[in-house]
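Text of model06.cif, listed as mmCIF, C-alpha atoms and all ligand atoms:
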data_model
#
loop_
_atom_site.label_atom_id
_atom_site.label_comp_id
_atom_site.auth_asym_id
_atom_site.auth_seq_id
_atom_site.Cartn_x
_atom_site.Cartn_y
_atom_site.Cartn_z
CA MET K 815 7.16 -2.69 -11.40
CA PRO K 816 4.82 -0.07 -9.96
CA GLU K 817 2.57 -1.61 -7.31
CA LEU K 818 -0.51 -0.17 -5.62
CA PRO K 819 1.29 2.58 -3.62
CA GLU K 820 3.21 3.80 -6.67
CA VAL K 821 0.08 3.80 -8.85
CA GLN K 822 -1.84 5.63 -6.10
CA THR K 823 0.97 8.20 -5.86
CA VAL K 824 0.76 8.75 -9.62
CA ILE K 825 -3.00 9.27 -9.28
CA ASN K 826 -2.58 11.69 -6.37
CA GLY K 827 -0.17 13.67 -8.54
CA LEU K 828 -2.52 13.61 -11.53
CA ASN K 829 -5.41 14.74 -9.34
CA SER K 830 -3.59 17.93 -8.46
CA LEU K 831 -2.31 18.57 -12.00
CA VAL K 832 -4.68 17.48 -14.76
CA ILE K 833 -8.26 17.54 -13.45
CA GLY K 834 -10.35 19.90 -15.61
CA LYS K 835 -7.83 19.96 -18.44
CA GLU K 836 -9.21 19.63 -21.96
CA ILE K 837 -7.60 16.83 -23.98
CA GLN K 838 -6.74 18.22 -27.40
CA LYS K 839 -5.29 15.02 -28.84
CA ILE K 840 -3.34 11.89 -28.01
CA ILE K 841 -0.26 11.18 -30.06
CA GLU K 842 1.07 7.64 -30.32
CA LEU K 843 4.85 7.56 -30.70
CA ARG K 844 5.24 3.81 -30.61
CA SER K 845 2.69 1.62 -32.28
CA GLY K 846 0.87 -0.70 -29.88
CA THR K 847 0.87 1.75 -26.96
CA LEU K 848 -2.58 3.18 -27.69
CA GLU K 849 -5.69 1.12 -28.19
CA TRP K 850 -8.81 2.83 -29.47
CA GLN K 851 -11.97 0.81 -28.97
CA ILE K 852 -13.94 3.40 -30.96
CA PRO K 853 -13.03 6.25 -33.31
CA ILE K 854 -13.14 9.48 -31.31
CA THR K 855 -12.62 13.04 -32.48
CA SER K 856 -12.95 14.76 -29.13
CA LEU K 857 -12.52 13.35 -25.63
CA GLY K 858 -13.43 16.42 -23.57
CA LYS K 859 -12.02 17.39 -20.19
CA ILE K 860 -10.59 15.08 -17.55
CA GLU K 861 -13.28 14.86 -14.89
CA SER K 862 -12.01 12.29 -12.42
CA ILE K 863 -9.21 9.79 -11.89
CA SER K 864 -9.50 6.52 -10.05
CA ARG K 865 -7.54 3.34 -9.43
CA ARG K 866 -8.47 -0.34 -9.50
CA GLY K 867 -5.57 -2.66 -8.69
CA LYS K 868 -2.70 -1.30 -10.74
CA TYR K 869 -5.00 0.30 -13.35
CA ILE K 870 -5.43 4.07 -13.68
CA ILE K 871 -8.80 5.20 -15.04
CA LEU K 872 -9.36 8.76 -16.28
CA GLN K 873 -12.99 9.71 -16.96
CA THR K 874 -13.67 12.50 -19.42
CA SER K 875 -16.54 14.95 -19.79
CA LEU K 876 -17.62 13.57 -23.18
CA HIS K 877 -18.32 10.13 -21.67
CA TYR K 878 -15.07 8.41 -22.49
CA LYS K 879 -12.36 6.94 -20.34
CA LEU K 880 -8.66 6.29 -20.65
CA VAL K 881 -7.50 3.10 -18.99
CA ILE K 882 -3.77 3.10 -18.30
CA HIS K 883 -1.58 0.25 -17.08
CA LEU K 884 2.06 1.09 -16.39
CA ARG K 885 3.17 -2.58 -16.39
CA MET K 886 6.93 -2.97 -15.83
CA THR K 887 8.40 0.46 -16.45
CA GLY K 888 5.59 2.82 -17.51
CA LYS K 889 5.66 6.37 -16.19
CA LEU K 890 3.32 9.32 -16.58
CA ILE K 891 5.25 12.57 -16.60
CA PHE K 892 3.53 15.94 -16.49
CA GLU K 893 5.27 18.49 -18.70
CA ARG K 894 4.57 22.22 -18.87
CA ASP K 895 6.65 22.72 -22.02
CA LEU K 896 5.19 21.14 -25.18
CA ASP K 897 8.60 21.07 -26.85
CA LYS K 898 10.14 18.90 -24.17
CA THR K 899 9.93 15.15 -24.34
CA SER K 900 11.50 12.20 -22.53
CA SER K 901 13.87 9.52 -23.77
CA HIS K 902 11.29 6.71 -23.89
CA SER K 903 8.12 8.61 -24.69
CA ARG K 904 5.59 6.17 -26.25
CA ALA K 905 2.52 8.41 -26.29
CA GLU K 906 1.62 11.95 -25.31
CA ILE K 907 -1.69 13.34 -24.10
CA ILE K 908 -1.75 16.95 -25.26
CA PHE K 909 -3.93 19.41 -23.35
CA ALA K 910 -5.56 22.53 -24.78
CA ASP K 911 -3.63 24.74 -22.33
CA LYS K 912 -0.33 23.66 -23.93
CA THR K 913 0.74 21.26 -21.20
CA LYS K 914 0.99 17.51 -21.70
CA LEU K 915 1.23 14.14 -20.05
CA ILE K 916 4.02 11.94 -21.41
CA PHE K 917 3.66 8.17 -21.25
CA ASP K 918 7.28 7.06 -20.94
CA ASP K 919 7.96 3.33 -21.00
CA VAL K 920 11.39 1.73 -21.45
CA ARG K 921 10.15 -1.86 -21.70
CA THR K 922 7.04 -0.99 -23.76
CA PHE K 923 4.60 -3.32 -21.99
CA GLY K 924 2.44 -0.42 -20.80
CA LYS K 925 -0.82 0.54 -22.50
CA ILE K 926 -3.38 3.30 -22.81
CA GLU K 927 -6.82 2.16 -23.83
CA VAL K 928 -9.52 4.61 -24.92
CA MET K 929 -13.08 3.44 -24.45
CA LYS K 930 -16.64 4.57 -23.77
CA LYS K 931 -17.33 5.59 -20.19
CA ASN K 932 -19.83 2.83 -19.47
CA ASP K 933 -18.05 0.02 -21.29
CA ASP K 934 -16.76 -2.81 -19.13
CA ILE K 935 -13.02 -3.10 -18.72
CA PRO K 936 -12.50 -6.88 -19.16
CA ALA K 937 -9.26 -6.99 -17.14
CA LEU K 938 -10.92 -5.43 -14.10
CA LYS K 939 -13.52 -8.18 -13.87
CA LYS K 940 -10.86 -10.69 -12.93
CA LEU K 941 -9.39 -8.61 -10.11
CA GLY K 942 -9.73 -9.62 -6.48
CA ALA K 943 -10.50 -7.34 -3.53
CA GLU K 944 -8.95 -3.93 -3.13
CA PRO K 945 -6.63 -4.38 -0.14
CA LEU K 946 -7.53 -1.01 1.39
CA SER K 947 -11.27 -1.65 1.15
CA ASP K 948 -13.48 -3.26 3.80
CA LYS K 949 -14.07 -6.14 1.41
CA PHE K 950 -10.51 -7.26 2.10
CA ASN K 951 -11.11 -8.78 5.53
CA ALA K 952 -10.34 -12.02 7.38
CA GLU K 953 -13.45 -13.81 6.12
CA TYR K 954 -12.58 -12.96 2.51
CA LEU K 955 -9.00 -14.18 2.79
CA ILE K 956 -9.88 -17.32 4.76
CA ASN K 957 -12.19 -18.25 1.87
CA LYS K 958 -9.56 -17.54 -0.75
CA LEU K 959 -6.91 -19.57 1.07
CA ARG K 960 -9.13 -22.55 1.88
CA ASN K 961 -7.81 -24.91 -0.79
CA LYS K 962 -4.66 -23.12 -1.83
CA LYS K 963 -1.68 -25.43 -1.91
CA ALA K 964 0.50 -22.65 -3.34
CA PRO K 965 2.88 -20.79 -1.00
CA ILE K 966 1.33 -17.75 0.67
CA LYS K 967 3.81 -15.48 -1.14
CA THR K 968 2.52 -16.64 -4.52
CA VAL K 969 -1.13 -16.40 -3.45
CA LEU K 970 -0.70 -12.79 -2.32
CA LEU K 971 0.78 -11.90 -5.72
CA ASP K 972 -2.27 -13.34 -7.49
CA GLN K 973 -4.25 -10.31 -8.72
CA SER K 974 -7.47 -12.32 -8.69
CA VAL K 975 -7.07 -12.73 -4.91
CA ILE K 976 -5.82 -9.23 -4.03
CA ALA K 977 -5.51 -6.43 -6.55
CA GLY K 978 -2.43 -4.27 -6.57
CA LEU K 979 0.23 -6.15 -4.60
CA GLY K 980 3.59 -6.99 -6.14
CA ASN K 981 6.89 -8.49 -5.11
CA ILE K 982 8.14 -5.68 -2.86
CA TYR K 983 5.05 -5.20 -0.72
CA VAL K 984 4.26 -8.91 -0.36
CA ALA K 985 7.79 -9.44 1.02
CA GLU K 986 7.37 -6.59 3.49
CA ILE K 987 3.87 -7.67 4.57
CA LEU K 988 4.95 -11.26 5.31
CA TYR K 989 7.98 -9.98 7.20
CA ARG K 990 5.81 -7.81 9.45
CA CYS K 991 3.47 -10.78 10.03
CA LYS K 992 6.48 -13.05 10.80
CA ILE K 993 5.15 -15.62 8.30
CA ASP K 994 7.40 -17.84 6.20
CA PRO K 995 6.62 -17.04 2.52
CA ARG K 996 7.00 -20.76 1.65
CA LYS K 997 4.07 -21.84 3.84
CA ALA K 998 1.13 -23.23 1.87
CA GLY K 999 -1.80 -20.79 1.90
CA LYS K 1000 -4.24 -23.35 3.28
CA THR K 1001 -2.06 -24.12 6.33
CA LEU K 1002 -2.23 -20.60 7.80
CA ARG K 1003 -4.09 -20.17 11.08
CA THR K 1004 -6.90 -17.63 11.44
CA ALA K 1005 -4.69 -15.44 13.66
CA GLN K 1006 -2.04 -15.36 10.92
CA ILE K 1007 -4.61 -14.49 8.26
CA LYS K 1008 -5.81 -11.61 10.44
CA GLU K 1009 -2.21 -10.41 10.68
CA ILE K 1010 -1.91 -10.44 6.89
CA ILE K 1011 -5.07 -8.33 6.58
CA LYS K 1012 -3.82 -5.89 9.19
CA TYR K 1013 -0.27 -5.48 7.86
CA THR K 1014 -1.32 -5.35 4.21
CA LYS K 1015 -3.29 -2.22 5.03
CA VAL K 1016 -0.57 -0.80 7.32
CA VAL K 1017 2.30 -1.34 4.86
CA LEU K 1018 0.36 0.00 1.86
CA GLN K 1019 -0.78 3.09 3.77
CA GLU K 1020 2.75 3.80 4.99
CA ALA K 1021 4.09 3.38 1.45
CA ILE K 1022 1.46 5.75 0.00
CA LYS K 1023 2.38 8.27 2.70
CA HIS K 1024 6.00 8.06 1.51
CA ASN K 1025 5.01 8.33 -2.19
CA GLY K 1026 5.84 4.72 -3.02
CA THR K 1027 9.12 2.87 -3.45
CA THR K 1028 11.79 3.70 -6.01
CA ILE K 1029 14.13 0.75 -6.53
CA SER K 1030 14.94 1.19 -10.18
CA ASP K 1031 12.89 3.58 -12.24
CA TYR K 1032 9.58 4.44 -10.66
CA ARG K 1033 8.95 8.22 -10.59
CA SER K 1034 5.96 10.35 -9.66
CA VAL K 1035 4.20 12.52 -12.30
CA GLU K 1036 6.46 15.39 -11.31
CA ASP K 1037 9.50 13.18 -11.82
CA LYS K 1038 10.26 12.66 -8.11
CA SER K 1039 11.39 9.40 -6.47
CA GLY K 1040 9.37 7.66 -3.81
CA GLU K 1041 10.89 7.36 -0.32
CA PHE K 1042 9.51 4.07 1.00
CA GLN K 1043 12.69 2.24 -0.12
CA ASN K 1044 14.24 3.78 3.02
CA PHE K 1045 11.78 1.90 5.20
CA LEU K 1046 12.00 -1.59 3.67
CA ASN K 1047 12.90 -4.41 6.05
CA VAL K 1048 13.57 -7.38 3.75
CA TYR K 1049 13.10 -6.63 0.06
CA GLY K 1050 16.54 -6.32 -1.53
CA LYS K 1051 18.22 -6.52 1.89
CA LYS K 1052 21.23 -8.60 2.95
CA THR K 1053 20.86 -8.55 6.75
CA CYS K 1054 17.79 -8.62 8.98
CA GLU K 1055 17.37 -6.35 12.00
CA CYS K 1056 17.82 -9.50 14.12
CA GLY K 1057 21.32 -9.90 12.69
CA ALA K 1058 20.56 -12.97 10.57
CA GLU K 1059 21.19 -13.10 6.86
CA ILE K 1060 18.17 -12.36 4.61
CA HIS K 1061 17.45 -15.29 2.33
CA LYS K 1062 16.72 -14.80 -1.35
CA ILE K 1063 14.95 -17.62 -3.13
CA LYS K 1064 12.87 -18.01 -6.29
CA GLN K 1065 9.13 -18.66 -6.08
CA ALA K 1066 7.06 -18.92 -9.26
CA GLY K 1067 9.93 -17.26 -11.12
CA ARG K 1068 10.09 -14.21 -8.81
CA SER K 1069 12.61 -13.36 -6.11
CA THR K 1070 11.45 -13.78 -2.52
CA TYR K 1071 13.31 -12.15 0.36
CA PHE K 1072 12.76 -13.33 3.93
CA CYS K 1073 14.45 -13.91 7.30
CA ASN K 1074 14.15 -17.54 8.33
CA ILE K 1075 14.72 -16.63 11.98
CA CYS K 1076 12.00 -13.95 12.23
CA GLN K 1077 9.64 -15.64 9.74
CA SER K 1078 9.16 -19.19 10.82
ZN ZN V 1101 15.32 -11.65 11.31
#

Since I need it in another form, could you write the structure as structure tokens?
Amino acid sequence: MPELPEVQTVINGLNSLVIGKEIQKIIELRSGTLEWQIPITSLGKIESISRRGKYIILQTSLHYKLVIHLRMTGKLIFERDLDKTSSHSRAEIIFADKTKLIFDDVRTFGKIEVMKKNDDIPALKKLGAEPLSDKFNAEYLINKLRNKKAPIKTVLLDQSVIAGLGNIYVAEILYRCKIDPRKAGKTLRTAQIKEIIKYTKVVLQEAIKHNGTTISDYRSVEDKSGEFQNFLNVYGKKTCECGAEIHKIKQAGRSTYFCNICQS
């Protein structure tokens, strides 16, 4: 599933390719992919693109916005040839200059929502702090962890605590902090919480620099893989740098990778 660095990489790609392009129409190829909050005949040009958590928000010149969530397997692919398509194309945003953006999604959980520019996006209201913002600091996380009996791994995956983290980056962050993912959130010391803040920012910035992580099917808008998979320490690994075996357990239905020598 694309996490914050992958979504940010998609946005960086879109910023260099589709800003200023006039949207001619949006074609839905699989019902349920597009959600129109209002009937719209013309959307205008794409003016800006931003991210909140794992959501991509495209603002248009005629005061609308497209809110895109890639979910499990969604991809946005920029295509210069209108006749070309991709094997799991669910919707296509056609531009007036005869280029297009394909929304490809094998598992079909992804969505594009079209709404008025100033309308609230209900899902965004529930999101916690942006990890790369100043709001995500020790004081914020200490507060969030105060009564949390859940393991720290599960808390960090909770989008209402931190927006944008997923299974891969949480594993890597806890490894860098040398914290056992099974530890209850409320038992962490202030020094450990400060480490989580620090390494969340470090790991996410490194991953964005390397255009995200491609484990299975994540691709950039120009159909390129990320490279951060080459820098992972624990996620999907068998052996730790220390020589010990990497443990793989299930927490809240998701796989957790950790080294019980380094992370104790
Ligand atoms: Zn180790």

field: Selection as a PyMOL selection string: residues within 10 Å of ligand ZN 1101 (chain V) by all atoms listed in the file
entry: chain K and resi 989+992+1047-1048+1053-1061+1072-1078

Could you dump the residues just selected with C-alpha atoms as a PDB file, in the frame of the given file?
ATOM      1  CA  TYR K 989       7.980  -9.980   7.200  1.00  0.00           C
ATOM      2  CA  LYS K 992       6.480 -13.050  10.800  1.00  0.00           C
ATOM      3  CA  ASN K1047      12.900  -4.410   6.050  1.00  0.00           C
ATOM      4  CA  VAL K1048      13.570  -7.380   3.750  1.00  0.00           C
ATOM      5  CA  THR K1053      20.860  -8.550   6.750  1.00  0.00           C
ATOM      6  CA  CYS K1054      17.790  -8.620   8.980  1.00  0.00           C
ATOM      7  CA  GLU K1055      17.370  -6.350  12.000  1.00  0.00           C
ATOM      8  CA  CYS K1056      17.820  -9.500  14.120  1.00  0.00           C
ATOM      9  CA  GLY K1057      21.320  -9.900  12.690  1.00  0.00           C
ATOM     10  CA  ALA K1058      20.560 -12.970  10.570  1.00  0.00           C
ATOM     11  CA  GLU K1059      21.190 -13.100   6.860  1.00  0.00           C
ATOM     12  CA  ILE K1060      18.170 -12.360   4.610  1.00  0.00           C
ATOM     13  CA  HIS K1061      17.450 -15.290   2.330  1.00  0.00           C
ATOM     14  CA  PHE K1072      12.760 -13.330   3.930  1.00  0.00           C
ATOM     15  CA  CYS K1073      14.450 -13.910   7.300  1.00  0.00           C
ATOM     16  CA  ASN K1074      14.150 -17.540   8.330  1.00  0.00           C
ATOM     17  CA  ILE K1075      14.720 -16.630  11.980  1.00  0.00           C
ATOM     18  CA  CYS K1076      12.000 -13.950  12.230  1.00  0.00           C
ATOM     19  CA  GLN K1077       9.640 -15.640   9.740  1.00  0.00           C
ATOM     20  CA  SER K1078       9.160 -19.190  10.820  1.00  0.00           C
TER      21      SER K1078
END

task: Using CA of Phe892 in chain K and CA of Leu1046 in chain K as the two end points, give the distance in Å to one decimal.
output: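 CA of Phe892 in chain K sits 28.0 Å away from CA of Leu1046 in chain K.
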
message: Using Å and a single decimal, report how far CA of Tyr954 in chain K sits from CA of Leu1002 in chain K.
response: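 Between these atoms lies a distance of 13.9 Å.
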
- request: Write out as a list in words the residues lying within 8 Å of Val824 in chain K, counting all atoms listed in the file and excluding same-chain residues fewer than 5 positions away.
  value: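 The filter keeps Leu890, Ser1034 and Val1035 of chain K.
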
message: Residues near Val1017 in chain K, anyone? I mean within 7 Å using only C-alpha atoms, not counting same-chain ones fewer than 4 positions away, as a PyMOL selection string.
response: chain K and resi 987+1013+1021

message: Would you compute the distance between CA of Phe950 in chain K and CA of Ile1007 in chain K? Give it in Å to one decimal.
response: 11.2 Å

- request: Go through K:Gly1040, K:Gly924, K:Pro853, K:Gly980 one by one, measure the shortest atom-to-atom distance of each to His1024 in chain K using only C-alpha atoms, and give the residue with the smallest value.
  value: K:Gly1040

Can you rebuild range 1030-1057 of chain K with N, CA and C atoms and give it as a PDB file, in the coordinates of the input?
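The resulting file, rebuild-v7.pdb, is shown below:
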ATOM      1  N   SER K1030      14.222   0.911  -8.945  1.00  0.00           N
ATOM      2  CA  SER K1030      14.940   1.190 -10.180  1.00  0.00           C
ATOM      3  C   SER K1030      14.427   2.450 -10.835  1.00  0.00           C
ATOM      4  N   ASP K1031      13.226   2.394 -11.444  1.00  0.00           N
ATOM      5  CA  ASP K1031      12.890   3.580 -12.240  1.00  0.00           C
ATOM      6  C   ASP K1031      11.532   4.204 -11.962  1.00  0.00           C
ATOM      7  N   TYR K1032      10.865   3.801 -10.917  1.00  0.00           N
ATOM      8  CA  TYR K1032       9.580   4.440 -10.660  1.00  0.00           C
ATOM      9  C   TYR K1032       9.751   5.917 -10.284  1.00  0.00           C
ATOM     10  N   ARG K1033       8.949   6.785 -10.899  1.00  0.00           N
ATOM     11  CA  ARG K1033       8.950   8.220 -10.590  1.00  0.00           C
ATOM     12  C   ARG K1033       7.507   8.698 -10.496  1.00  0.00           C
ATOM     13  N   SER K1034       7.291   9.757  -9.725  1.00  0.00           N
ATOM     14  CA  SER K1034       5.960  10.350  -9.660  1.00  0.00           C
ATOM     15  C   SER K1034       5.719  11.174 -10.922  1.00  0.00           C
ATOM     16  N   VAL K1035       4.498  11.721 -11.084  1.00  0.00           N
ATOM     17  CA  VAL K1035       4.200  12.520 -12.300  1.00  0.00           C
ATOM     18  C   VAL K1035       5.049  13.780 -12.383  1.00  0.00           C
ATOM     19  N   GLU K1036       5.579  14.219 -11.257  1.00  0.00           N
ATOM     20  CA  GLU K1036       6.460  15.390 -11.310  1.00  0.00           C
ATOM     21  C   GLU K1036       7.923  14.955 -11.242  1.00  0.00           C
ATOM     22  N   ASP K1037       8.148  13.714 -11.676  1.00  0.00           N
ATOM     23  CA  ASP K1037       9.500  13.180 -11.820  1.00  0.00           C
ATOM     24  C   ASP K1037      10.278  13.105 -10.500  1.00  0.00           C
ATOM     25  N   LYS K1038       9.588  12.824  -9.410  1.00  0.00           N
ATOM     26  CA  LYS K1038      10.260  12.660  -8.110  1.00  0.00           C
ATOM     27  C   LYS K1038      10.283  11.180  -7.733  1.00  0.00           C
ATOM     28  N   SER K1039      11.316  10.783  -6.967  1.00  0.00           N
ATOM     29  CA  SER K1039      11.390   9.400  -6.470  1.00  0.00           C
ATOM     30  C   SER K1039      10.445   9.227  -5.295  1.00  0.00           C
ATOM     31  N   GLY K1040      10.069   7.958  -5.043  1.00  0.00           N
ATOM     32  CA  GLY K1040       9.370   7.660  -3.810  1.00  0.00           C
ATOM     33  C   GLY K1040      10.395   7.609  -2.675  1.00  0.00           C
ATOM     34  N   GLU K1041       9.934   7.438  -1.440  1.00  0.00           N
ATOM     35  CA  GLU K1041      10.890   7.360  -0.320  1.00  0.00           C
ATOM     36  C   GLU K1041      10.735   6.086   0.499  1.00  0.00           C
ATOM     37  N   PHE K1042       9.758   5.229   0.141  1.00  0.00           N
ATOM     38  CA  PHE K1042       9.510   4.070   1.000  1.00  0.00           C
ATOM     39  C   PHE K1042      10.661   3.054   0.960  1.00  0.00           C
ATOM     40  N   GLN K1043      11.518   3.134  -0.077  1.00  0.00           N
ATOM     41  CA  GLN K1043      12.690   2.240  -0.120  1.00  0.00           C
ATOM     42  C   GLN K1043      13.550   2.393   1.148  1.00  0.00           C
ATOM     43  N   ASN K1044      13.468   3.543   1.791  1.00  0.00           N
ATOM     44  CA  ASN K1044      14.240   3.780   3.020  1.00  0.00           C
ATOM     45  C   ASN K1044      13.637   3.070   4.229  1.00  0.00           C
ATOM     46  N   PHE K1045      12.448   2.531   4.068  1.00  0.00           N
ATOM     47  CA  PHE K1045      11.780   1.900   5.200  1.00  0.00           C
ATOM     48  C   PHE K1045      11.578   0.390   4.992  1.00  0.00           C
ATOM     49  N   LEU K1046      12.166  -0.157   3.924  1.00  0.00           N
ATOM     50  CA  LEU K1046      12.000  -1.590   3.670  1.00  0.00           C
ATOM     51  C   LEU K1046      12.787  -2.407   4.688  1.00  0.00           C
ATOM     52  N   ASN K1047      12.220  -3.542   5.089  1.00  0.00           N
ATOM     53  CA  ASN K1047      12.900  -4.410   6.050  1.00  0.00           C
ATOM     54  C   ASN K1047      13.594  -5.609   5.415  1.00  0.00           C
ATOM     55  N   VAL K1048      12.983  -6.173   4.364  1.00  0.00           N
ATOM     56  CA  VAL K1048      13.570  -7.380   3.750  1.00  0.00           C
ATOM     57  C   VAL K1048      13.849  -7.281   2.261  1.00  0.00           C
ATOM     58  N   TYR K1049      12.953  -6.623   1.525  1.00  0.00           N
ATOM     59  CA  TYR K1049      13.100  -6.630   0.060  1.00  0.00           C
ATOM     60  C   TYR K1049      14.444  -6.017  -0.341  1.00  0.00           C
ATOM     61  N   GLY K1050      15.241  -6.797  -1.051  1.00  0.00           N
ATOM     62  CA  GLY K1050      16.540  -6.320  -1.530  1.00  0.00           C
ATOM     63  C   GLY K1050      17.608  -6.200  -0.456  1.00  0.00           C
ATOM     64  N   LYS K1051      17.287  -6.682   0.767  1.00  0.00           N
ATOM     65  CA  LYS K1051      18.220  -6.520   1.890  1.00  0.00           C
ATOM     66  C   LYS K1051      19.147  -7.732   2.039  1.00  0.00           C
ATOM     67  N   LYS K1052      20.272  -7.503   2.717  1.00  0.00           N
ATOM     68  CA  LYS K1052      21.230  -8.600   2.950  1.00  0.00           C
ATOM     69  C   LYS K1052      21.123  -9.101   4.392  1.00  0.00           C
ATOM     70  N   THR K1053      20.892  -8.176   5.331  1.00  0.00           N
ATOM     71  CA  THR K1053      20.860  -8.550   6.750  1.00  0.00           C
ATOM     72  C   THR K1053      19.564  -8.081   7.393  1.00  0.00           C
ATOM     73  N   CYS K1054      19.020  -8.950   8.246  1.00  0.00           N
ATOM     74  CA  CYS K1054      17.790  -8.620   8.980  1.00  0.00           C
ATOM     75  C   CYS K1054      18.147  -7.794  10.217  1.00  0.00           C
ATOM     76  N   GLU K1055      17.163  -7.099  10.754  1.00  0.00           N
ATOM     77  CA  GLU K1055      17.370  -6.350  12.000  1.00  0.00           C
ATOM     78  C   GLU K1055      17.832  -7.259  13.139  1.00  0.00           C
ATOM     79  N   CYS K1056      17.442  -8.552  13.065  1.00  0.00           N
ATOM     80  CA  CYS K1056      17.820  -9.500  14.120  1.00  0.00           C
ATOM     81  C   CYS K1056      19.275  -9.940  13.984  1.00  0.00           C
ATOM     82  N   GLY K1057      19.919  -9.552  12.898  1.00  0.00           N
ATOM     83  CA  GLY K1057      21.320  -9.900  12.690  1.00  0.00           C
ATOM     84  C   GLY K1057      21.520 -11.059  11.721  1.00  0.00           C
TER      85      GLY K1057
END
